[in-house]
Amino acid sequence: MPEAIANGVWDRKRWTDTERKENGKKVPSGVAKVSMGGALDKFHKDSAKGLKQAKAASAQLAKTATDYADQIAKKYPKLSKRIKDRLIGYELVEFNKHVNSAAARVSDYPAAHTKAVHEMQRVGAEFIQWEKAGSTGAFKPTNGKAAEAALVAFINPLRAATYDTDKVKKAVGDRYDHVVQGIDAGWTKQKVEWIIDALAHLPATI
């Protein structure tokens, strides 16, 4: 399963224990033709399956929550308003922003991956020649700045990809970020080889 995007959308427990109240009193279950608890369970399950699924899950929960709020509006106006203002108008809106942001970064993934691979091929080739020449002094690839820029530009698309596919693991994204941020301290054999290997094992597209 992909990584789930962290969110503040109510779950069944919060709904049952905290939110389903009117003037401090528990609103009984079965007051509407739709089940909020079931809808919340489905949202949290489906939204963790990928970004497209997350968008669809959000839209479905918004529809169900709206139906529920409309059906209880006359008898429980405060709860109805809270559902529309807080759950739909804030929690789901914020969730959608995160999903859309991640989707935009994922769309940059193929080009960013290709650029990073291209630059690291040059770095790798120069590193082999540097070693053959005796490894004198610190290794400084001629495309060092361009390579570092390409690697840094791939960090956000790589991290976002963990929300869209299980082919990219969060641990790899974390390690990649750490290694790339350490390039300022120098291009070591360990860093060069790890980055080249990591890029080779990552999917070219998402």
# chains A, B, ... in the order shown; residues from 1 in each chain; ligands from 1
$ residues_around --residues "Ala6 of chain A" --least-positions-apart "2" --cutoff "12 Å" --atoms "only C-alpha atoms" --output "VMD selection string"
chain A and resid 3 to 4 8 to 10 44 47 to 48 54 91 to 92 94 to 99 102 163
$ residues_around --residues "segment 126-130 of chain A" --least-positions-apart "5" --cutoff "9 Å" --atoms "only C-alpha atoms" --output "list in words"
Gln121, Ser135, Thr136, Phe139, Lys140, Pro141, Thr142, Lys189 and Val192 of chain A
$ write_last_selection --atoms "N, CA, C and O atoms" --output "PDB file, in the first residue's frame"
ATOM      1  N   GLN A 121      24.931   9.761 -14.422  1.00  0.00           N
ATOM      2  CA  GLN A 121      25.722   8.958 -15.353  1.00  0.00           C
ATOM      3  C   GLN A 121      27.043   9.654 -15.655  1.00  0.00           C
ATOM      4  O   GLN A 121      28.100   9.006 -15.712  1.00  0.00           O
ATOM      5  N   SER A 135      42.923   8.742  -7.804  1.00  0.00           N
ATOM      6  CA  SER A 135      42.087   9.346  -6.753  1.00  0.00           C
ATOM      7  C   SER A 135      42.800  10.487  -6.029  1.00  0.00           C
ATOM      8  O   SER A 135      42.773  10.595  -4.804  1.00  0.00           O
ATOM      9  N   THR A 136      43.449  11.328  -6.810  1.00  0.00           N
ATOM     10  CA  THR A 136      44.204  12.434  -6.219  1.00  0.00           C
ATOM     11  C   THR A 136      43.289  13.591  -5.834  1.00  0.00           C
ATOM     12  O   THR A 136      42.488  14.055  -6.649  1.00  0.00           O
ATOM     13  N   PHE A 139      37.272  14.476  -5.138  1.00  0.00           N
ATOM     14  CA  PHE A 139      36.579  14.289  -6.409  1.00  0.00           C
ATOM     15  C   PHE A 139      35.577  15.416  -6.613  1.00  0.00           C
ATOM     16  O   PHE A 139      34.709  15.662  -5.784  1.00  0.00           O
ATOM     17  N   LYS A 140      35.705  16.100  -7.750  1.00  0.00           N
ATOM     18  CA  LYS A 140      34.802  17.195  -8.079  1.00  0.00           C
ATOM     19  C   LYS A 140      34.357  17.044  -9.532  1.00  0.00           C
ATOM     20  O   LYS A 140      35.092  17.411 -10.450  1.00  0.00           O
ATOM     21  N   PRO A 141      33.173  16.484  -9.755  1.00  0.00           N
ATOM     22  CA  PRO A 141      32.705  16.293 -11.135  1.00  0.00           C
ATOM     23  C   PRO A 141      32.506  17.626 -11.847  1.00  0.00           C
ATOM     24  O   PRO A 141      32.139  18.625 -11.222  1.00  0.00           O
ATOM     25  N   THR A 142      32.762  17.629 -13.148  1.00  0.00           N
ATOM     26  CA  THR A 142      32.642  18.880 -13.907  1.00  0.00           C
ATOM     27  C   THR A 142      31.196  19.380 -13.951  1.00  0.00           C
ATOM     28  O   THR A 142      30.950  20.570 -14.124  1.00  0.00           O
ATOM     29  N   LYS A 189      32.764   8.255  -2.565  1.00  0.00           N
ATOM     30  CA  LYS A 189      32.467   7.026  -3.307  1.00  0.00           C
ATOM     31  C   LYS A 189      31.136   6.430  -2.836  1.00  0.00           C
ATOM     32  O   LYS A 189      30.317   6.003  -3.649  1.00  0.00           O
ATOM     33  N   VAL A 192      28.185   8.562  -4.227  1.00  0.00           N
ATOM     34  CA  VAL A 192      28.028   8.408  -5.673  1.00  0.00           C
ATOM     35  C   VAL A 192      27.409   7.050  -6.002  1.00  0.00           C
ATOM     36  O   VAL A 192      26.445   6.955  -6.769  1.00  0.00           O
TER      37      VAL A 192
END
$ closest_residue --among "A:Asn7, A:Val31, A:Val172, A:Arg14" --to "Lys74 of chain A" --atoms "only C-alpha atoms"
A:Val31
$ select_by_dssp --residues "segment 15-169 of chain A" --states "strand (DSSP E or B)" --output "VMD selection string"
chain A and resid 21 to 22 25 to 26
$ closest_residue --among "A:Lys81, A:Lys63, A:Lys55, A:Lys45" --to "Glu19 of chain A" --atoms "only C-alpha atoms"
A:Lys81
$ closest_residue --among "A:Leu79, A:Val152, A:Ala138, A:Ile5" --to "His113 of chain A" --atoms "only C-alpha atoms"
A:Val152
$ closest_residue --among "A:Met1, A:Ala160, A:Ala104, A:Ala39" --to "Trp15 of chain A" --atoms "only C-alpha atoms"
A:Ala39
$ residues_around --residues "Ile83 of chain A" --least-positions-apart "4" --cutoff "10 Å" --atoms "only C-alpha atoms" --output "ChimeraX atom specification"
/A:19-20,62,65-66,68-70,77-79,87-91
$ select_by_dssp --residues "segment 7-190 of chain A" --states "alpha helix (DSSP H)" --output "PyMOL selection string"
chain A and resi 12-14+36-46+51-72+77-82+92-107+109-132+144-153+155-161+170-181+189-190
$ write_last_selection --atoms "C-alpha atoms" --output "short mmCIF file (atom, residue, chain, number, x, y, z; two decimals), in the first residue's frame"
data_model
loop_
_atom_site.label_atom_id
_atom_site.label_comp_id
_atom_site.auth_asym_id
_atom_site.auth_seq_id
_atom_site.Cartn_x
_atom_site.Cartn_y
_atom_site.Cartn_z
CA ARG A 12 -15.35 6.67 13.27
CA LYS A 13 -14.12 6.85 16.89
CA ARG A 14 -13.90 10.65 16.91
CA MET A 36 -21.50 8.63 8.78
CA GLY A 37 -19.46 6.02 10.63
CA GLY A 38 -19.41 3.74 7.60
CA ALA A 39 -18.61 6.66 5.30
CA LEU A 40 -15.68 7.70 7.47
CA ASP A 41 -14.34 4.13 7.60
CA LYS A 42 -14.52 3.90 3.81
CA PHE A 43 -12.79 7.25 3.36
CA HIS A 44 -9.80 6.32 5.52
CA LYS A 45 -9.49 2.94 3.82
CA ASP A 46 -9.80 4.14 0.23
CA LEU A 51 -3.80 9.83 -5.01
CA LYS A 52 -6.60 9.17 -7.53
CA GLN A 53 -8.35 7.01 -4.98
CA ALA A 54 -7.85 9.70 -2.35
CA LYS A 55 -9.55 12.30 -4.54
CA ALA A 56 -12.47 9.98 -5.19
CA ALA A 57 -12.74 9.06 -1.50
CA SER A 58 -12.83 12.72 -0.51
CA ALA A 59 -15.57 13.50 -3.02
CA GLN A 60 -17.63 10.55 -1.84
CA LEU A 61 -17.31 11.48 1.82
CA ALA A 62 -18.27 15.08 1.07
CA LYS A 63 -21.42 13.86 -0.71
CA THR A 64 -22.39 11.44 2.08
CA ALA A 65 -21.67 13.99 4.81
CA THR A 66 -23.73 16.61 2.98
CA ASP A 67 -26.64 14.18 2.67
CA TYR A 68 -26.39 13.35 6.37
CA ALA A 69 -26.19 17.01 7.39
CA ASP A 70 -29.19 17.92 5.22
CA GLN A 71 -31.27 15.05 6.62
CA ILE A 72 -30.67 16.04 10.26
CA PRO A 77 -29.08 22.15 13.29
CA LYS A 78 -25.83 22.67 15.22
CA LEU A 79 -24.41 19.27 14.31
CA SER A 80 -25.53 19.76 10.73
CA LYS A 81 -23.71 23.09 10.58
CA ARG A 82 -20.57 21.66 12.19
CA LEU A 92 -11.75 17.81 3.55
CA VAL A 93 -10.71 21.07 1.92
CA GLU A 94 -7.29 20.84 3.59
CA PHE A 95 -6.99 17.17 2.67
CA ASN A 96 -7.75 18.00 -0.96
CA LYS A 97 -5.04 20.66 -0.96
CA HIS A 98 -2.47 18.12 0.21
CA VAL A 99 -3.63 15.56 -2.36
CA ASN A 100 -3.50 18.09 -5.20
CA SER A 101 -0.06 19.27 -4.11
CA ALA A 102 1.25 15.70 -4.03
CA ALA A 103 -0.32 14.97 -7.42
CA ALA A 104 1.41 18.01 -8.93
CA ARG A 105 4.77 16.82 -7.60
CA VAL A 106 4.17 13.29 -8.85
CA SER A 107 3.53 14.70 -12.33
CA TYR A 109 8.52 12.68 -11.29
CA PRO A 110 9.37 11.23 -14.76
CA ALA A 111 11.26 14.28 -16.00
CA ALA A 112 12.99 14.82 -12.66
CA HIS A 113 14.07 11.18 -12.48
CA THR A 114 15.38 11.25 -16.05
CA LYS A 115 17.38 14.41 -15.38
CA ALA A 116 18.86 13.02 -12.16
CA VAL A 117 19.86 9.77 -13.88
CA HIS A 118 21.45 11.66 -16.78
CA GLU A 119 23.54 13.87 -14.52
CA MET A 120 24.60 10.97 -12.31
CA GLN A 121 25.72 8.96 -15.35
CA ARG A 122 28.22 11.73 -16.05
CA VAL A 123 29.23 11.89 -12.40
CA GLY A 124 29.71 8.12 -12.33
CA ALA A 125 31.79 8.08 -15.50
CA GLU A 126 34.05 10.86 -14.23
CA PHE A 127 34.37 9.13 -10.85
CA ILE A 128 35.66 5.95 -12.52
CA GLN A 129 38.24 7.97 -14.44
CA TRP A 130 39.24 9.84 -11.28
CA GLU A 131 39.83 6.53 -9.49
CA LYS A 132 41.86 5.15 -12.40
CA GLY A 144 28.76 18.93 -9.99
CA LYS A 145 26.43 21.92 -9.66
CA ALA A 146 24.05 20.68 -12.33
CA ALA A 147 24.04 17.20 -10.83
CA GLU A 148 23.34 18.47 -7.33
CA ALA A 149 20.54 20.69 -8.63
CA ALA A 150 18.96 17.77 -10.49
CA LEU A 151 19.19 15.52 -7.45
CA VAL A 152 17.64 18.13 -5.17
CA ALA A 153 14.87 18.77 -7.71
CA ILE A 155 13.46 15.05 -3.74
CA ASN A 156 9.89 16.38 -3.68
CA PRO A 157 8.60 14.28 -6.61
CA LEU A 158 10.18 11.20 -4.99
CA ARG A 159 8.58 11.89 -1.62
CA ALA A 160 5.20 12.57 -3.24
CA ALA A 161 5.41 9.28 -5.14
CA LYS A 170 9.22 6.13 2.34
CA ALA A 171 12.50 4.79 3.74
CA VAL A 172 14.13 5.19 0.33
CA GLY A 173 12.86 8.75 0.04
CA ASP A 174 14.17 9.58 3.50
CA ARG A 175 17.61 8.08 2.75
CA TYR A 176 17.78 9.77 -0.65
CA ASP A 177 16.97 13.14 0.90
CA HIS A 178 19.64 12.64 3.58
CA VAL A 179 22.35 11.57 1.13
CA VAL A 180 21.63 14.31 -1.39
CA GLN A 181 21.59 17.02 1.28
CA LYS A 189 32.47 7.03 -3.31
CA GLN A 190 29.70 5.87 -0.96
#
$ atom_distance --atom1 "atom CA of Phe154 of chain A" --atom2 "atom CA of Leu199 of chain A"
10.2 Å
$ atom_distance --atom1 "atom CA of Gly30 of chain A" --atom2 "atom CA of Thr18 of chain A"
16.9 Å
